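These notes concern the structure reproduced below.
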Protein chains: 2
Amino acid sequence: MKKRVTMQDVAEKAKVSKASVSFAFNDPSRLSEPTLRRIMDISQELGYSSDPAARMLRTRRTNSLGILLPQQIHTIFENPYYNQFLQGVGQTCHAEGFSLLLVPPLRGSMLKAIPTAAVDGFVVSGLEFDRGEVSALSRRGVPFVLVDSELRDDVPSVEIDDSEGVAELVRHLLDIGHRKIAIVAFETGTTGGYKNWRGPVRRRADGAIAALASQGLTPESDGISLVEVACTRAGGVAAFRELWARQDRPTAIVTFSDIIALGVLDAARERGVSVPDELSVTGFDDLPEASWTFPALTTIRQPIVTKGRLAAEYLVEAIGAQQAPPNRPHRRLPTALLLRESVAPPNANLDPDSSRSVTRVNE
Amino acid sequence: MKKRVTMQDVAEKAKVSKASVSFAFNDPSRLSEPTLRRIMDISQELGYSSDPAARMLRTRRTNSLGILLPQQIHTIFENPYYNQFLQGVGQTCHAEGFSLLLVPPLRGSMLKAIPTAAVDGFVVSGLEFDRGEVSALSRRGVPFVLVDSELRDDVPSVEIDDSEGVAELVRHLLDIGHRKIAIVAFETGTTGGYKNWRGPVRRRADGAIAALASQGLTPESDGISLVEVACTRAGGVAAFRELWARQDRPTAIVTFSDIIALGVLDAARERGVSVPDELSVTGFDDLPEASWTFPALTTIRQPIVTKGRLAAEYLVEAIGAQQAPPNRPHRRLPTALLLRESVAPPNANLDPDSSRSVTRVNE
DNA sequence: TCCATCTAGTTAACCGGTTAAAGCAACCAG
DNA sequence: CTGGTTGCTTTAACCGGTTAACTAGATGGA
């Protein structure tokens, strides 16, 4: 158990000041050739390695970005959405030379994790509503960018047009004749039904409700229902079973995540229900899996990788400009409706033509 | 642009010492009720948030683990292997309350990234041979665990039995009659053919060669070949095309990664080559995708999640014991041969019985 | 000769927390 | 009255780098 080697140790042995040792590593041109060589040799000999914490304290730079996450890390990696999102953030990290710190909730709270992370800024994911996080982030004194949570006008954010994405899909279902539509959201940790939903789920539900309204339908109308389940394949299985057990079965199930939709497909297949002949199913995200399944999933594509990349770019920009308040803090990315095989008109035999893949893009 | 609020500011306004402010946050029981309340109120009012760098410098703790990676972050997230591995590491982070810092190479070098990362220890992945990294890590003064690189006896590592895994597979292929076997490795950045391969690829190749030897075959024998491609689906496609263009086509392609194997399956299907009737294909890893494809992939399962979890647990243990040298630094995990549909005897019609899934476990 | 300039280095003040040790008052037991 | 104990708070020494400002000596042009 030997003592750590510090800059002071090197300086003494090389008979120079601490400053010179610092220059040797950070600005070698300020030293003469022999001095530089001596310092480097002695650093090598003593096994010197500089202390990141000390450097960070003095320079106020860490060279890492933080991602504030709503769930524990191992859960995040089970979710293909985050895989894509982190790819995008990773692109920016690479381009700008940052490391990436994954910051899960500390003792169950995102709030508590904020003051302890040594980062130059935060990308905040999954903040559905503000329990004090925004204020804690401001205190913290580093820039931050919210993703999928346009909570306040004065806080930068990157998001997608959840509402219009779902609205477009639901309009399509209505157009081809569906009138018994079940909406399957993922849980937001609220109680009291869809009226208390928050964040992206709320916006998606709003889009669906708006589209339904154009046909005079409401969430309370016969045949329409809104339920919530865990955002997992198992959640999708549960959703299908619940909906199929009802008197008034839906002809279309609109889920707010491809993962849930895959679970619905699993359960339907298990039950011998043919998709899309007896039931249409839709997803959200366009994960890679969505196009591999049988039948291929009709879904709302969102540019997840781009979202991650842009959020991080935005953040890096704010870090560079030491305080310059961004003048247009919100950035909204479009979605695209991908029509694949899992949707057909209700009670129709499978029309071969309907299985072509068609794309429509918003905006 | 306002100045940062420090502990000193709070202390002055509350008419107490810096130490009391520190106690208010870290050990409130040391303060009287009114003082504590006053300090907390004023912290709130001024918007105080403690500085992680300063705390880290003084306490010598960061509460984060580092993962030293061989590629840029966005590339890592494209690789399902790392997805699983990070899940495992994430489990330990959760259990032990750590954040996770992803540390990609800095200006192309893992070596340069080591001194700048503020972490309590490193899990090192993909270090195929030592260009000074081990020594830099020692200097750095934090514990570290190598994964899949048993480089030195005195450095802790977690790995799998690559050699025996592949040997078992190749023995099986030989048993069922294959004599024309192509081995497809992924690139290790070396030149000069298989004799210069390093790391896991080297060990896997050694296993294959040992198994071949039991039938009097060598890498130079007719029908046997060892090639290397990128560890991507596209790499697998390229490998199939090259091998299939030869005079002496293999009856079995043994790849060192499921990703490559999937590419081989893609290319074979495109070419109208039936697997396993005309060609047997095998992978390595048992990624989730391996069991979904048609035909399901015969592969060597390795416990990736467990490997990540154990490496991190090992690291946390070393961090806790401030210097205690671990007495058994190497941990080797077993592989399992999973026989699925992509393998059959050469030139045989598909035997229905051979498509059952069978498992054999080493050791 | 004198002053400006350049080179190679030094000095010392930070950065913002933590914590061992000490101080001080009040209380208590002998 | 004395010495010990308890409860609350302060003092001051760190942790290990970075960097603005300064010095000393050499060079050089007028």
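Letters A, B, ... go to the chains of the structure tokens in the order shown; residues in each chain start at 1; ligands are counted from 1 in the same order.
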What's around region 6-19 of chain C at 10 Å? Count only C-alpha atoms (C1' of nucleotides), leave out sequence neighbours fewer than 3 positions away in its own chain, and write the answer as a VMD selection string.
(chain A and resid 16 to 20 30 to 32 35 54 to 60) or (chain B and resid 6 to 8 18 to 19 22 to 23 26 50 to 59) or (chain D and resid 13 to 15 17 to 27)
Check the DSSP output for the backbone and give back, as an MDAnalysis selection string, the residues of region 2-231 of chain A in helix (DSSP H, G or I).
chainID A and resid 7:14 18:26 28:30 33:46 52:59 73:76 80:96 110:116 133:140 162:175 194:196 199:213
Could you give me, as a ChimeraX atom specification, each residue of region 92-339 of chain A that DSSP assigns to strand (DSSP E) when run on this structure's backbone?
/A:99-103,122-125,144-147,157-160,181-186,225-229,252-255,280-282,299-301,330-333,336-339
Give as a list in words every residue of chain D that touches chain B within 9 Å, counting only C-alpha atoms (C1' of nucleotides).
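Therefore, the residues near the partner are DG7, DC8, DT9, DT10, DC14, DC15 and DG16 of chain D.
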Take the residues from that selection and write them out as a PDB file, in the first residue's frame, keeping C-alpha atoms (C1' of nucleotides).
```
ATOM      1  C1'  DG D   7     -23.897  18.827  22.678  1.00  0.00           C
ATOM      2  C1'  DC D   8     -23.001  22.125  19.371  1.00  0.00           C
ATOM      3  C1'  DT D   9     -19.907  24.700  16.627  1.00  0.00           C
ATOM      4  C1'  DT D  10     -15.407  26.440  14.792  1.00  0.00           C
ATOM      5  C1'  DC D  14      -5.888  19.354   3.745  1.00  0.00           C
ATOM      6  C1'  DC D  15      -7.150  17.107  -1.353  1.00  0.00           C
ATOM      7  C1'  DG D  16      -3.889  17.980  -6.193  1.00  0.00           C
TER       8       DG D  16
END
```
I'd like the interatomic distance between CA of Pro104 (chain B) and CA of Phe144 (chain B), to a tenth of an Å.
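So the answer is 15.8 Å.
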Would you pick out the contacts of Phe256 (chain A) at 10 Å or less, using only C-alpha atoms (C1' of nucleotides), so that residues sharing its chain but fewer than 2 positions from it are not included, and give the list as number ranges by chain?
A: 162, 166, 183-186, 200-201, 204-205, 228, 231, 253-254, 258-261, 282-285, 299-300
Any chance you can output those residues with N, CA and C atoms as a short mmCIF file (atom, residue, chain, number, x, y, z; two decimals), in the first residue's frame?
```
data_model
loop_
_atom_site.label_atom_id
_atom_site.label_comp_id
_atom_site.auth_asym_id
_atom_site.auth_seq_id
_atom_site.Cartn_x
_atom_site.Cartn_y
_atom_site.Cartn_z
N ASP A 162 -45.46 13.99 -30.90
CA ASP A 162 -46.22 12.82 -30.47
C ASP A 162 -47.67 12.90 -30.89
N VAL A 166 -49.71 10.27 -33.56
CA VAL A 166 -50.81 9.37 -33.23
C VAL A 166 -52.08 9.79 -33.95
N ILE A 183 -56.87 2.02 -27.15
CA ILE A 183 -55.59 2.71 -27.04
C ILE A 183 -54.85 2.11 -25.85
N VAL A 184 -53.62 1.64 -26.08
CA VAL A 184 -52.85 1.05 -24.98
C VAL A 184 -51.63 1.92 -24.71
N ALA A 185 -51.67 2.60 -23.60
CA ALA A 185 -50.56 3.49 -23.20
C ALA A 185 -49.61 2.73 -22.29
N PHE A 186 -48.45 3.29 -22.06
CA PHE A 186 -47.60 2.71 -21.01
C PHE A 186 -47.72 3.59 -19.77
N PRO A 200 -45.14 12.28 -22.72
CA PRO A 200 -45.42 11.81 -24.08
C PRO A 200 -46.73 11.05 -24.17
N VAL A 201 -47.02 10.26 -23.15
CA VAL A 201 -48.25 9.48 -23.16
C VAL A 201 -49.46 10.41 -23.23
N ARG A 204 -49.64 11.82 -26.74
CA ARG A 204 -50.11 10.82 -27.69
C ARG A 204 -51.60 10.58 -27.52
N ALA A 205 -52.02 10.50 -26.27
CA ALA A 205 -53.45 10.30 -26.01
C ALA A 205 -54.24 11.48 -26.56
N GLU A 228 -53.81 1.29 -19.67
CA GLU A 228 -52.36 1.43 -19.54
C GLU A 228 -51.74 0.16 -19.00
N CYS A 231 -44.48 -0.98 -20.00
CA CYS A 231 -43.90 -0.85 -21.34
C CYS A 231 -42.97 -2.03 -21.63
N ILE A 253 -56.06 -2.28 -32.16
CA ILE A 253 -55.38 -1.91 -30.91
C ILE A 253 -54.22 -0.99 -31.26
N VAL A 254 -54.30 0.22 -30.74
CA VAL A 254 -53.25 1.22 -30.97
C VAL A 254 -52.38 1.27 -29.72
N ASP A 258 -43.76 0.11 -29.71
CA ASP A 258 -43.60 -1.13 -30.47
C ASP A 258 -43.45 -2.33 -29.56
N ILE A 259 -42.81 -2.12 -28.42
CA ILE A 259 -42.58 -3.25 -27.51
C ILE A 259 -43.91 -3.82 -27.05
N ILE A 260 -44.83 -2.93 -26.68
CA ILE A 260 -46.16 -3.37 -26.28
C ILE A 260 -46.86 -4.06 -27.46
N ALA A 261 -46.72 -3.46 -28.63
CA ALA A 261 -47.39 -4.02 -29.82
C ALA A 261 -46.90 -5.44 -30.09
N THR A 282 -51.13 -1.65 -33.98
CA THR A 282 -50.11 -0.65 -34.35
C THR A 282 -49.17 -0.37 -33.19
N GLY A 283 -48.01 0.14 -33.54
CA GLY A 283 -46.99 0.44 -32.54
C GLY A 283 -46.60 1.90 -32.55
N PHE A 284 -45.47 2.17 -31.94
CA PHE A 284 -44.91 3.52 -31.95
C PHE A 284 -43.41 3.35 -31.74
N ASP A 285 -42.63 4.03 -32.55
CA ASP A 285 -41.15 4.08 -32.45
C ASP A 285 -40.48 3.61 -33.74
N THR A 299 -46.56 1.20 -37.79
CA THR A 299 -46.11 1.94 -36.62
C THR A 299 -45.82 3.40 -36.97
N ILE A 300 -45.60 4.17 -35.94
CA ILE A 300 -45.24 5.57 -36.11
C ILE A 300 -43.75 5.69 -35.88
#
```
Please return, as a VMD selection string, all residues of chain A lying within 6 Å of chain B when only C-alpha atoms are considered.
chain A and resid 47 49 52 to 54 56 to 57 73 to 74 77 87 90 to 91 99 to 103 116 118 139 to 140
